[in-house]
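What follows is the content of upload33.cif (mmCIF, C-alpha atoms).
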```cif
data_work
loop_
_atom_site.label_atom_id
_atom_site.label_comp_id
_atom_site.auth_asym_id
_atom_site.auth_seq_id
_atom_site.Cartn_x
_atom_site.Cartn_y
_atom_site.Cartn_z
CA GLN A 1 -2.49 15.63 -9.61
CA LYS A 2 0.30 13.70 -7.98
CA GLU A 3 1.03 10.50 -9.91
CA VAL A 4 3.21 7.44 -9.72
CA GLU A 5 3.69 5.54 -12.96
CA GLN A 6 4.78 1.95 -13.49
CA ASN A 7 4.75 -0.34 -16.50
CA SER A 8 2.08 -2.94 -15.71
CA GLY A 9 3.99 -5.71 -17.50
CA PRO A 10 4.10 -8.61 -17.26
CA LEU A 11 7.87 -8.52 -17.10
CA SER A 12 9.18 -11.99 -17.80
CA VAL A 13 12.75 -12.99 -16.90
CA PRO A 14 14.48 -16.38 -16.74
CA GLU A 15 15.51 -17.79 -13.40
CA GLY A 16 18.89 -16.42 -12.30
CA ALA A 17 18.60 -13.22 -14.34
CA ILE A 18 18.37 -9.64 -13.10
CA ALA A 19 14.86 -8.18 -13.04
CA SER A 20 14.64 -4.40 -13.38
CA LEU A 21 11.47 -2.64 -12.28
CA ASN A 22 10.97 1.06 -12.89
CA CYS A 23 8.82 3.82 -11.45
CA THR A 24 8.46 7.53 -12.16
CA TYR A 25 6.72 10.11 -10.01
CA SER A 26 5.37 13.54 -10.74
CA ASP A 27 5.83 15.52 -7.51
CA ARG A 28 9.33 16.94 -6.99
CA GLY A 29 8.56 17.38 -3.29
CA SER A 30 8.45 13.62 -2.74
CA GLN A 31 10.76 12.55 0.07
CA SER A 32 10.30 8.83 0.74
CA PHE A 33 10.06 5.95 -1.68
CA PHE A 34 9.00 2.37 -1.14
CA TRP A 35 8.75 -0.92 -2.96
CA TYR A 36 6.11 -3.41 -1.90
CA ARG A 37 5.72 -6.96 -3.14
CA GLN A 38 2.24 -8.41 -3.44
CA TYR A 39 1.58 -12.05 -4.12
CA SER A 40 -1.76 -12.94 -5.68
CA GLY A 41 -4.49 -12.89 -3.05
CA LYS A 42 -2.19 -11.47 -0.38
CA SER A 43 -1.52 -8.05 1.12
CA PRO A 44 1.35 -5.75 0.10
CA GLU A 45 4.61 -6.52 1.90
CA LEU A 46 7.34 -3.89 2.29
CA ILE A 47 10.63 -4.99 0.76
CA MET A 48 12.63 -1.77 0.35
CA SER A 49 12.57 1.87 1.37
CA ILE A 50 14.88 4.59 0.07
CA TYR A 51 15.17 8.24 1.02
CA SER A 52 18.39 9.56 -0.56
CA ASN A 53 19.75 9.65 -4.08
CA GLY A 54 21.82 6.64 -5.03
CA ASP A 55 21.62 2.93 -4.40
CA LYS A 56 20.46 0.95 -1.39
CA GLU A 57 21.14 -2.76 -1.27
CA ASP A 58 19.44 -5.43 0.82
CA GLY A 59 20.33 -8.99 -0.08
CA ARG A 60 19.30 -9.64 -3.68
CA PHE A 61 17.38 -6.38 -3.86
CA THR A 62 18.78 -2.97 -4.83
CA ALA A 63 16.70 0.19 -4.87
CA GLN A 64 17.95 3.13 -6.94
CA LEU A 65 16.74 6.71 -6.55
CA ASN A 66 17.33 9.68 -8.84
CA LYS A 67 15.38 12.67 -7.58
CA ALA A 68 16.53 14.94 -10.40
CA SER A 69 14.98 12.56 -12.93
CA GLN A 70 12.09 11.68 -10.59
CA TYR A 71 12.85 8.05 -11.05
CA VAL A 72 13.10 5.09 -8.69
CA SER A 73 13.91 1.53 -9.63
CA LEU A 74 14.19 -1.90 -8.07
CA LEU A 75 16.71 -4.49 -9.21
CA ILE A 76 16.32 -8.12 -8.23
CA ARG A 77 19.48 -10.16 -8.75
CA ASP A 78 19.48 -13.93 -9.23
CA SER A 79 15.71 -13.91 -9.76
CA GLN A 80 13.84 -16.91 -8.41
CA PRO A 81 10.40 -18.28 -9.31
CA SER A 82 9.35 -17.26 -5.78
CA ASP A 83 9.95 -13.63 -6.81
CA SER A 84 7.00 -13.88 -9.20
CA ALA A 85 4.56 -11.29 -7.85
CA THR A 86 3.28 -7.76 -8.44
CA TYR A 87 5.67 -5.03 -7.30
CA LEU A 88 4.14 -1.76 -6.15
CA CYS A 89 6.03 1.50 -6.12
CA ALA A 90 4.85 3.98 -3.48
CA VAL A 91 5.81 7.58 -2.86
CA ASN A 92 5.34 9.75 0.25
CA LEU A 93 5.67 13.53 0.12
CA GLY A 94 6.81 13.47 3.74
CA PHE A 95 7.80 17.10 3.54
CA GLY A 96 7.77 18.37 7.09
CA GLY A 97 5.41 17.10 9.74
CA ASN A 98 3.33 13.98 9.53
CA THR A 99 2.23 13.40 5.98
CA GLY A 100 1.94 9.65 6.10
CA LYS A 101 -0.12 9.28 2.94
CA LEU A 102 1.33 7.12 0.20
CA ILE A 103 0.62 7.38 -3.49
CA PHE A 104 0.85 3.98 -5.19
CA GLY A 105 1.61 3.04 -8.74
CA GLN A 106 -0.54 0.40 -10.36
CA GLY A 107 2.17 -2.22 -10.01
CA THR A 108 4.38 -4.27 -12.31
CA THR A 109 3.76 -8.00 -12.58
CA LEU A 110 7.00 -9.99 -12.59
CA GLN A 111 7.16 -13.55 -13.89
CA VAL A 112 10.32 -15.54 -13.27
CA LYS A 113 10.45 -18.62 -15.48
CA PRO A 114 12.37 -21.72 -14.31
CA ASP B 1 4.71 -9.98 18.23
CA ALA B 2 3.06 -6.74 17.19
CA GLU B 3 0.72 -7.08 14.26
CA ILE B 4 -2.20 -5.65 12.33
CA THR B 5 -5.34 -7.73 11.91
CA GLN B 6 -8.54 -7.35 9.91
CA SER B 7 -11.90 -8.99 10.35
CA PRO B 8 -13.80 -10.54 8.81
CA ARG B 9 -11.48 -11.87 6.11
CA HIS B 10 -14.40 -12.54 3.80
CA LYS B 11 -17.83 -10.96 3.82
CA ILE B 12 -20.87 -11.29 1.58
CA THR B 13 -23.66 -8.79 2.07
CA GLU B 14 -26.66 -7.38 0.26
CA THR B 15 -27.15 -4.00 -1.33
CA GLY B 16 -28.34 -1.39 1.16
CA ARG B 17 -27.04 -3.08 4.30
CA GLN B 18 -24.64 -1.39 6.67
CA VAL B 19 -21.30 -3.18 6.95
CA THR B 20 -18.40 -2.57 9.30
CA LEU B 21 -14.90 -3.86 8.65
CA ALA B 22 -12.57 -4.03 11.63
CA CYS B 23 -8.87 -3.13 11.74
CA HIS B 24 -6.76 -3.61 14.88
CA GLN B 25 -3.03 -2.94 15.31
CA THR B 26 -0.82 -3.63 18.29
CA TRP B 27 2.19 -1.54 17.18
CA ASN B 28 0.89 1.57 18.93
CA HIS B 29 1.12 3.39 15.60
CA ASN B 30 -0.36 6.87 15.34
CA ASN B 31 -1.37 6.60 11.68
CA MET B 32 -3.95 4.24 10.24
CA PHE B 33 -5.24 3.98 6.69
CA TRP B 34 -7.95 2.21 4.72
CA TYR B 35 -7.48 1.31 1.05
CA ARG B 36 -9.49 -0.54 -1.52
CA GLN B 37 -7.87 -2.50 -4.33
CA ASP B 38 -9.59 -3.21 -7.62
CA LEU B 39 -8.30 -4.53 -10.92
CA GLY B 40 -7.24 -1.64 -13.09
CA HIS B 41 -7.22 0.88 -10.23
CA GLY B 42 -4.50 -0.28 -7.90
CA LEU B 43 -4.62 0.79 -4.26
CA ARG B 44 -6.86 3.75 -3.56
CA LEU B 45 -7.04 5.57 -0.24
CA ILE B 46 -10.48 5.71 1.38
CA HIS B 47 -9.92 7.32 4.79
CA TYR B 48 -7.01 7.86 7.13
CA SER B 49 -6.30 8.94 10.69
CA TYR B 50 -3.26 10.57 12.27
CA GLY B 51 -4.37 9.88 15.84
CA VAL B 52 -7.27 9.41 18.24
CA HIS B 53 -10.34 11.41 17.21
CA ASP B 54 -8.64 12.47 13.95
CA THR B 55 -10.10 11.28 10.62
CA ASN B 56 -9.58 12.47 7.06
CA LYS B 57 -11.07 11.69 3.66
CA GLY B 58 -9.04 10.02 0.97
CA GLU B 59 -9.61 9.99 -2.78
CA VAL B 60 -12.57 7.55 -2.74
CA SER B 61 -14.38 8.33 0.54
CA ASP B 62 -18.00 8.60 -0.70
CA GLY B 63 -20.18 5.96 0.97
CA TYR B 64 -17.60 5.18 3.67
CA SER B 65 -16.98 6.48 7.18
CA VAL B 66 -14.43 5.86 9.95
CA SER B 67 -14.03 6.81 13.58
CA ARG B 68 -10.95 6.59 15.81
CA SER B 69 -11.76 6.24 19.50
CA ASN B 70 -8.45 4.63 20.51
CA THR B 71 -4.97 4.10 19.10
CA GLU B 72 -5.44 0.44 18.16
CA ASP B 73 -8.62 0.45 16.07
CA LEU B 74 -9.95 2.12 12.93
CA PRO B 75 -13.22 0.49 11.84
CA LEU B 76 -14.50 1.22 8.32
CA THR B 77 -18.26 1.48 7.86
CA LEU B 78 -20.16 1.23 4.61
CA GLU B 79 -23.36 3.09 5.41
CA SER B 80 -25.46 1.50 2.67
CA ALA B 81 -23.52 -1.08 0.71
CA ALA B 82 -23.53 -0.83 -3.08
CA SER B 83 -22.34 -3.32 -5.70
CA SER B 84 -19.65 -0.83 -6.68
CA GLN B 85 -18.12 -1.35 -3.24
CA THR B 86 -17.32 -4.99 -3.98
CA SER B 87 -13.56 -4.99 -3.54
CA VAL B 88 -10.62 -6.09 -1.42
CA TYR B 89 -10.07 -3.76 1.51
CA PHE B 90 -6.70 -3.27 3.18
CA CYS B 91 -5.93 -1.55 6.42
CA ALA B 92 -2.45 -0.19 7.10
CA SER B 93 -0.68 1.57 9.93
CA SER B 94 2.50 3.60 10.33
CA THR B 95 4.47 5.37 13.04
CA GLY B 96 3.99 8.89 11.75
CA LEU B 97 7.72 9.55 12.03
CA ALA B 98 8.26 12.50 9.68
CA GLY B 99 10.47 11.68 6.72
CA ARG B 100 10.81 8.02 7.70
CA ASP B 101 7.19 6.92 7.91
CA THR B 102 6.57 3.39 6.65
CA GLN B 103 3.21 1.69 6.20
CA TYR B 104 2.52 -1.93 7.09
CA PHE B 105 -0.55 -3.69 5.77
CA GLY B 106 -3.09 -6.03 7.27
CA PRO B 107 -4.13 -9.27 5.52
CA GLY B 108 -7.17 -7.72 3.81
CA THR B 109 -10.94 -8.25 3.73
CA ARG B 110 -12.66 -9.46 0.59
CA LEU B 111 -16.13 -7.89 0.46
CA THR B 112 -18.82 -8.93 -1.98
CA VAL B 113 -22.01 -6.87 -2.26
CA LEU B 114 -24.85 -8.69 -4.02
#
```
How does the structure come out when it is put into C-alpha coordinates?
Amino acid sequence: QKEVEQNSGPLSVPEGAIASLNCTYSDRGSQSFFWYRQYSGKSPELIMSIYSNGDKEDGRFTAQLNKASQYVSLLIRDSQPSDSATYLCAVNLGFGGNTGKLIFGQGTTLQVKP
Amino acid sequence: DAEITQSPRHKITETGRQVTLACHQTWNHNNMFWYRQDLGHGLRLIHYSYGVHDTNKGEVSDGYSVSRSNTEDLPLTLESAASSQTSVYFCASSTGLAGRDTQYFGPGTRLTVL
(Lines of atoms letter the chains of each structure in order from A and count residues from 1; the text may use other names and numbers.)
(Lines give C-alpha, C1' and ligand atoms only; values in the text may rest on other atoms or scores of the structure.)
Protein backbone atom coordinates (compact mmCIF):
# COMPACT_ATOMS: atom_id res chain seq x y z
CA GLN A 1 0.00 0.00 0.00
CA LYS A 2 1.33 3.39 -0.97
CA GLU A 3 2.00 5.50 2.13
CA VAL A 4 3.11 8.97 3.08
CA GLU A 5 4.41 9.38 6.61
CA GLN A 6 4.73 12.54 8.69
CA ASN A 7 5.40 13.16 12.35
CA SER A 8 2.10 14.50 13.72
CA GLY A 9 3.86 16.81 16.18
CA PRO A 10 3.17 19.32 17.50
CA LEU A 11 6.44 20.86 16.43
CA SER A 12 7.06 23.93 18.53
CA VAL A 13 9.59 26.59 17.49
CA PRO A 14 10.25 30.12 18.73
CA GLU A 15 9.45 33.06 16.51
CA GLY A 16 12.29 33.79 14.09
CA ALA A 17 13.64 30.23 14.14
CA ILE A 18 13.78 27.72 11.28
CA ALA A 19 11.01 25.12 11.29
CA SER A 20 11.86 21.81 9.62
CA LEU A 21 9.04 19.52 8.55
CA ASN A 22 9.72 16.06 7.20
CA CYS A 23 7.90 13.51 5.08
CA THR A 24 8.76 10.05 3.77
CA TYR A 25 6.95 8.11 1.07
CA SER A 26 6.88 4.47 0.17
CA ASP A 27 6.43 4.37 -3.62
CA ARG A 28 9.64 4.86 -5.62
CA GLY A 29 7.55 5.70 -8.68
CA SER A 30 6.33 8.94 -7.12
CA GLN A 31 6.96 11.92 -9.38
CA SER A 32 5.40 15.03 -7.86
CA PHE A 33 5.49 16.29 -4.30
CA PHE A 34 3.48 18.99 -2.60
CA TRP A 35 3.23 20.82 0.68
CA TYR A 36 -0.13 22.19 1.76
CA ARG A 37 -0.81 24.42 4.74
CA GLN A 38 -4.09 24.05 6.58
CA TYR A 39 -5.26 26.46 9.22
CA SER A 40 -7.77 25.18 11.75
CA GLY A 41 -11.24 25.09 10.22
CA LYS A 42 -9.98 25.97 6.74
CA SER A 43 -9.19 24.07 3.56
CA PRO A 44 -5.69 22.97 2.50
CA GLU A 45 -3.75 25.67 0.66
CA LEU A 46 -0.88 24.81 -1.69
CA ILE A 47 2.39 26.43 -0.64
CA MET A 48 5.08 24.46 -2.49
CA SER A 49 5.47 21.89 -5.22
CA ILE A 50 8.69 20.09 -6.16
CA TYR A 51 9.43 17.63 -8.93
CA SER A 52 13.22 17.23 -9.10
CA ASN A 53 15.89 16.27 -6.60
CA GLY A 54 17.38 19.19 -4.72
CA ASP A 55 16.06 22.38 -3.23
CA LYS A 56 13.34 24.75 -4.36
CA GLU A 57 13.00 28.11 -2.66
CA ASP A 58 10.01 30.43 -2.55
CA GLY A 59 10.32 33.33 -0.14
CA ARG A 60 10.73 31.96 3.39
CA PHE A 61 9.90 28.44 2.26
CA THR A 62 12.33 25.84 0.92
CA ALA A 63 11.27 22.40 -0.23
CA GLN A 64 13.92 19.67 -0.40
CA LEU A 65 13.55 16.41 -2.32
CA ASN A 66 15.71 13.31 -2.17
CA LYS A 67 14.19 10.58 -4.31
CA ALA A 68 16.91 8.05 -3.49
CA SER A 69 16.01 8.32 0.20
CA GLN A 70 12.29 8.80 -0.56
CA TYR A 71 12.29 11.88 1.55
CA VAL A 72 10.84 15.36 1.14
CA SER A 73 11.09 18.22 3.60
CA LEU A 74 9.88 21.76 4.07
CA LEU A 75 11.95 24.44 5.78
CA ILE A 76 10.34 27.64 7.00
CA ARG A 77 12.85 30.39 7.75
CA ASP A 78 12.15 33.25 10.14
CA SER A 79 9.05 31.47 11.45
CA GLN A 80 6.14 33.71 12.38
CA PRO A 81 3.15 33.03 14.65
CA SER A 82 1.02 33.22 11.48
CA ASP A 83 2.83 30.09 10.26
CA SER A 84 1.16 28.10 13.03
CA ALA A 85 -0.93 25.54 11.14
CA THR A 86 -0.97 21.90 10.06
CA TYR A 87 1.32 21.12 7.12
CA LEU A 88 0.27 18.30 4.82
CA CYS A 89 2.71 16.44 2.61
CA ALA A 90 1.17 15.01 -0.57
CA VAL A 91 2.62 12.73 -3.21
CA ASN A 92 1.45 12.04 -6.77
CA LEU A 93 2.68 9.05 -8.75
CA GLY A 94 2.19 11.05 -11.93
CA PHE A 95 4.01 8.42 -13.92
CA GLY A 96 2.83 8.82 -17.48
CA GLY A 97 -0.64 9.97 -18.42
CA ASN A 98 -3.12 11.57 -16.10
CA THR A 99 -2.77 10.13 -12.64
CA GLY A 100 -3.98 13.13 -10.68
CA LYS A 101 -4.57 11.28 -7.43
CA LEU A 102 -2.69 12.51 -4.40
CA ILE A 103 -1.74 10.50 -1.35
CA PHE A 104 -1.64 12.67 1.78
CA GLY A 105 0.26 12.29 4.99
CA GLN A 106 -1.61 12.90 8.21
CA GLY A 107 0.02 16.29 8.67
CA THR A 108 2.41 17.92 11.11
CA THR A 109 1.09 20.60 13.44
CA LEU A 110 3.48 23.54 13.74
CA GLN A 111 3.30 25.97 16.64
CA VAL A 112 5.36 29.16 16.45
CA LYS A 113 5.65 30.81 19.85
CA PRO A 114 6.12 34.60 20.08
CA ASP B 1 -11.18 35.22 -10.84
CA ALA B 2 -11.43 31.47 -11.31
CA GLU B 3 -12.38 29.58 -8.19
CA ILE B 4 -13.81 26.43 -6.68
CA THR B 5 -16.90 26.66 -4.50
CA GLN B 6 -18.81 24.22 -2.31
CA SER B 7 -22.33 24.35 -1.01
CA PRO B 8 -23.74 24.21 1.51
CA ARG B 9 -20.91 25.14 3.87
CA HIS B 10 -22.69 23.54 6.80
CA LYS B 11 -25.35 20.85 6.76
CA ILE B 12 -27.18 18.95 9.48
CA THR B 13 -29.24 15.97 8.41
CA GLU B 14 -30.81 12.85 9.85
CA THR B 15 -29.78 9.24 9.48
CA GLY B 16 -31.23 7.65 6.36
CA ARG B 17 -31.78 10.84 4.38
CA GLN B 18 -30.24 11.42 0.98
CA VAL B 19 -27.83 14.36 0.92
CA THR B 20 -26.10 16.03 -2.01
CA LEU B 21 -23.06 18.25 -1.63
CA ALA B 22 -22.26 20.56 -4.52
CA CYS B 23 -18.85 21.40 -5.96
CA HIS B 24 -18.38 23.94 -8.76
CA GLN B 25 -15.12 25.10 -10.35
CA THR B 26 -14.56 27.80 -12.94
CA TRP B 27 -10.97 26.88 -13.85
CA ASN B 28 -12.08 24.53 -16.62
CA HIS B 29 -10.07 21.77 -14.92
CA ASN B 30 -10.45 18.22 -16.19
CA ASN B 31 -9.89 16.53 -12.84
CA MET B 32 -12.14 16.80 -9.80
CA PHE B 33 -11.88 15.03 -6.46
CA TRP B 34 -13.89 14.55 -3.28
CA TYR B 35 -12.18 13.97 0.07
CA ARG B 36 -13.33 13.60 3.62
CA GLN B 37 -11.22 14.71 6.56
CA ASP B 38 -11.55 13.24 10.03
CA LEU B 39 -9.38 13.49 13.11
CA GLY B 40 -6.87 10.68 13.10
CA HIS B 41 -7.42 9.81 9.43
CA GLY B 42 -6.26 12.83 7.50
CA LEU B 43 -7.61 13.40 4.00
CA ARG B 44 -9.16 10.35 2.39
CA LEU B 45 -10.24 10.15 -1.23
CA ILE B 46 -13.91 9.29 -1.81
CA HIS B 47 -14.43 9.61 -5.58
CA TYR B 48 -12.69 11.32 -8.45
CA SER B 49 -13.27 12.19 -12.09
CA TYR B 50 -10.86 12.76 -14.97
CA GLY B 51 -13.46 14.32 -17.25
CA VAL B 52 -17.11 14.50 -18.27
CA HIS B 53 -18.92 11.19 -17.76
CA ASP B 54 -15.83 9.69 -16.07
CA THR B 55 -16.04 8.69 -12.38
CA ASN B 56 -13.83 6.48 -10.23
CA LYS B 57 -13.94 5.11 -6.69
CA GLY B 58 -11.44 6.20 -4.10
CA GLU B 59 -10.41 4.46 -0.90
CA VAL B 60 -13.62 5.24 1.07
CA SER B 61 -16.37 5.21 -1.59
CA ASP B 62 -18.98 3.00 0.13
CA GLY B 63 -22.22 4.93 0.69
CA TYR B 64 -21.24 7.73 -1.71
CA SER B 65 -21.82 8.37 -5.41
CA VAL B 66 -20.87 11.06 -7.94
CA SER B 67 -21.77 11.93 -11.50
CA ARG B 68 -20.03 14.29 -13.93
CA SER B 69 -22.34 15.76 -16.55
CA ASN B 70 -20.23 18.84 -17.31
CA THR B 71 -16.71 20.13 -16.70
CA GLU B 72 -17.60 22.53 -13.89
CA ASP B 73 -19.55 20.36 -11.43
CA LEU B 74 -19.03 17.16 -9.45
CA PRO B 75 -21.85 16.70 -6.92
CA LEU B 76 -21.36 14.15 -4.14
CA THR B 77 -24.42 12.19 -3.02
CA LEU B 78 -24.82 10.29 0.21
CA GLU B 79 -27.52 7.78 -0.66
CA SER B 80 -28.63 7.09 2.91
CA ALA B 81 -26.72 9.19 5.42
CA ALA B 82 -25.12 7.43 8.37
CA SER B 83 -23.60 8.88 11.54
CA SER B 84 -20.23 7.55 10.38
CA GLN B 85 -20.42 10.01 7.49
CA THR B 86 -20.27 13.00 9.84
CA SER B 87 -17.15 14.73 8.59
CA VAL B 88 -15.69 17.69 6.75
CA TYR B 89 -15.85 17.22 2.99
CA PHE B 90 -13.45 18.90 0.58
CA CYS B 91 -13.70 19.14 -3.16
CA ALA B 92 -10.59 19.74 -5.25
CA SER B 93 -9.77 20.20 -8.91
CA SER B 94 -6.65 20.01 -11.06
CA THR B 95 -5.61 20.49 -14.67
CA GLY B 96 -4.66 16.90 -15.37
CA LEU B 97 -1.34 18.01 -16.83
CA ALA B 98 0.81 14.86 -16.61
CA GLY B 99 3.77 15.23 -14.28
CA ARG B 100 2.80 18.74 -13.22
CA ASP B 101 -0.74 18.24 -11.96
CA THR B 102 -1.61 20.35 -8.91
CA GLN B 103 -4.79 20.17 -6.86
CA TYR B 104 -6.63 23.20 -5.50
CA PHE B 105 -9.20 22.83 -2.76
CA GLY B 106 -12.61 24.31 -2.15
CA PRO B 107 -13.58 25.79 1.24
CA GLY B 108 -15.19 22.58 2.53
CA THR B 109 -18.60 21.44 3.77
CA ARG B 110 -19.11 20.43 7.37
CA LEU B 111 -21.74 17.67 7.47
CA THR B 112 -23.36 16.41 10.65
CA VAL B 113 -25.56 13.31 10.53
CA LEU B 114 -27.77 12.91 13.61
Worksheet item: Out of B:Arg68, B:Arg44, B:His24, B:Arg17, which residue has the shortest atom-to-atom distance to Ile4 in chain B when counting all atoms listed in the file?
Response: B:His24
Item to complete: For the structure shown, which residues end up in the PyMOL selection byres ((chain A) within 12 of (chain B))? Put them as JSON, numbers by chain, please?
Response: {"A": [1, 2, 4, 5, 6, 8, 29, 30, 31, 32, 33, 34, 35, 36, 37, 38, 39, 40, 41, 42, 43, 44, 45, 46, 47, 48, 49, 50, 51, 52, 86, 87, 88, 89, 90, 91, 92, 93, 94, 95, 96, 97, 98, 99, 100, 101, 102, 103, 104, 105, 106, 107, 108]}
Worksheet item: Could you write out as a ChimeraX atom specification the residues that the PyMOL selection byres ((chain A and resi 13) around 7) matches in the shown file?
Response: /A:11-12,14-15,17,19,111-113
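With distances restricted to only C-alpha atoms, B:Trp34 is the closest residue to Ile46 in chain B from B:Trp34, B:Gln18, B:Gln85, B:Gln25.
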Centre, x/y/z edge lengths, axis-aligned box for range 70-89 of chain A with 5 Å per side, as lines of an AutoDock Vina configuration file:
```
center_x = 11.4
center_y = -3.3
center_z = -8.4
size_x = 26.2
size_y = 40.0
size_z = 15.3
```
Item to complete: Spell out the residues picked by the PyMOL selection byres ((chain A and resi 73) around 6) here, as a VMD selection string.
Response: chain A and resid 21 to 23 63 to 64 72 74
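Straight-line separation from CA of Thr15 in chain B to CA of Ser87 in chain B: 13.8 Å.
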Fill in: Given all atoms listed in the file as the counted atoms, nearest of B:Thr86, B:Thr112, B:His29, B:Glu59 to Leu74 in chain B
B:His29
Discussion item. With only C-alpha atoms as the counted atoms, please give the residues lying no more than 7 Å from Tyr71 in chain A, apart from itself and same-chain residues fewer than 6 positions off, as number ranges by chain.
Written reply: A: 23-25, 65
Worksheet item: Of the residues B:Asp38, B:Ala22, B:Gly16, B:Ser7, which is the one nearest to Gly63 in chain B, using only C-alpha atoms?
Response: B:Gly16
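Here CA of Pro114 in chain A and CA of Pro81 in chain A stand 6.4 Å from one another.
The coordinates place CA of His53 in chain B at 27.1 Å from CA of Ala82 in chain B.
Of the residues under consideration (B:Asn28, B:Thr13, B:Ser67, B:Thr55), B:Thr13 shows the shortest atom-to-atom contact distance to Ala81 in chain B when counting all atoms listed in the file.
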Worksheet item: When distances are computed from all atoms listed in the file, which of B:Ile12, B:Val52, B:Val113, B:Ala2 shows the smallest separation from Trp27 in chain B?
Response: B:Ala2
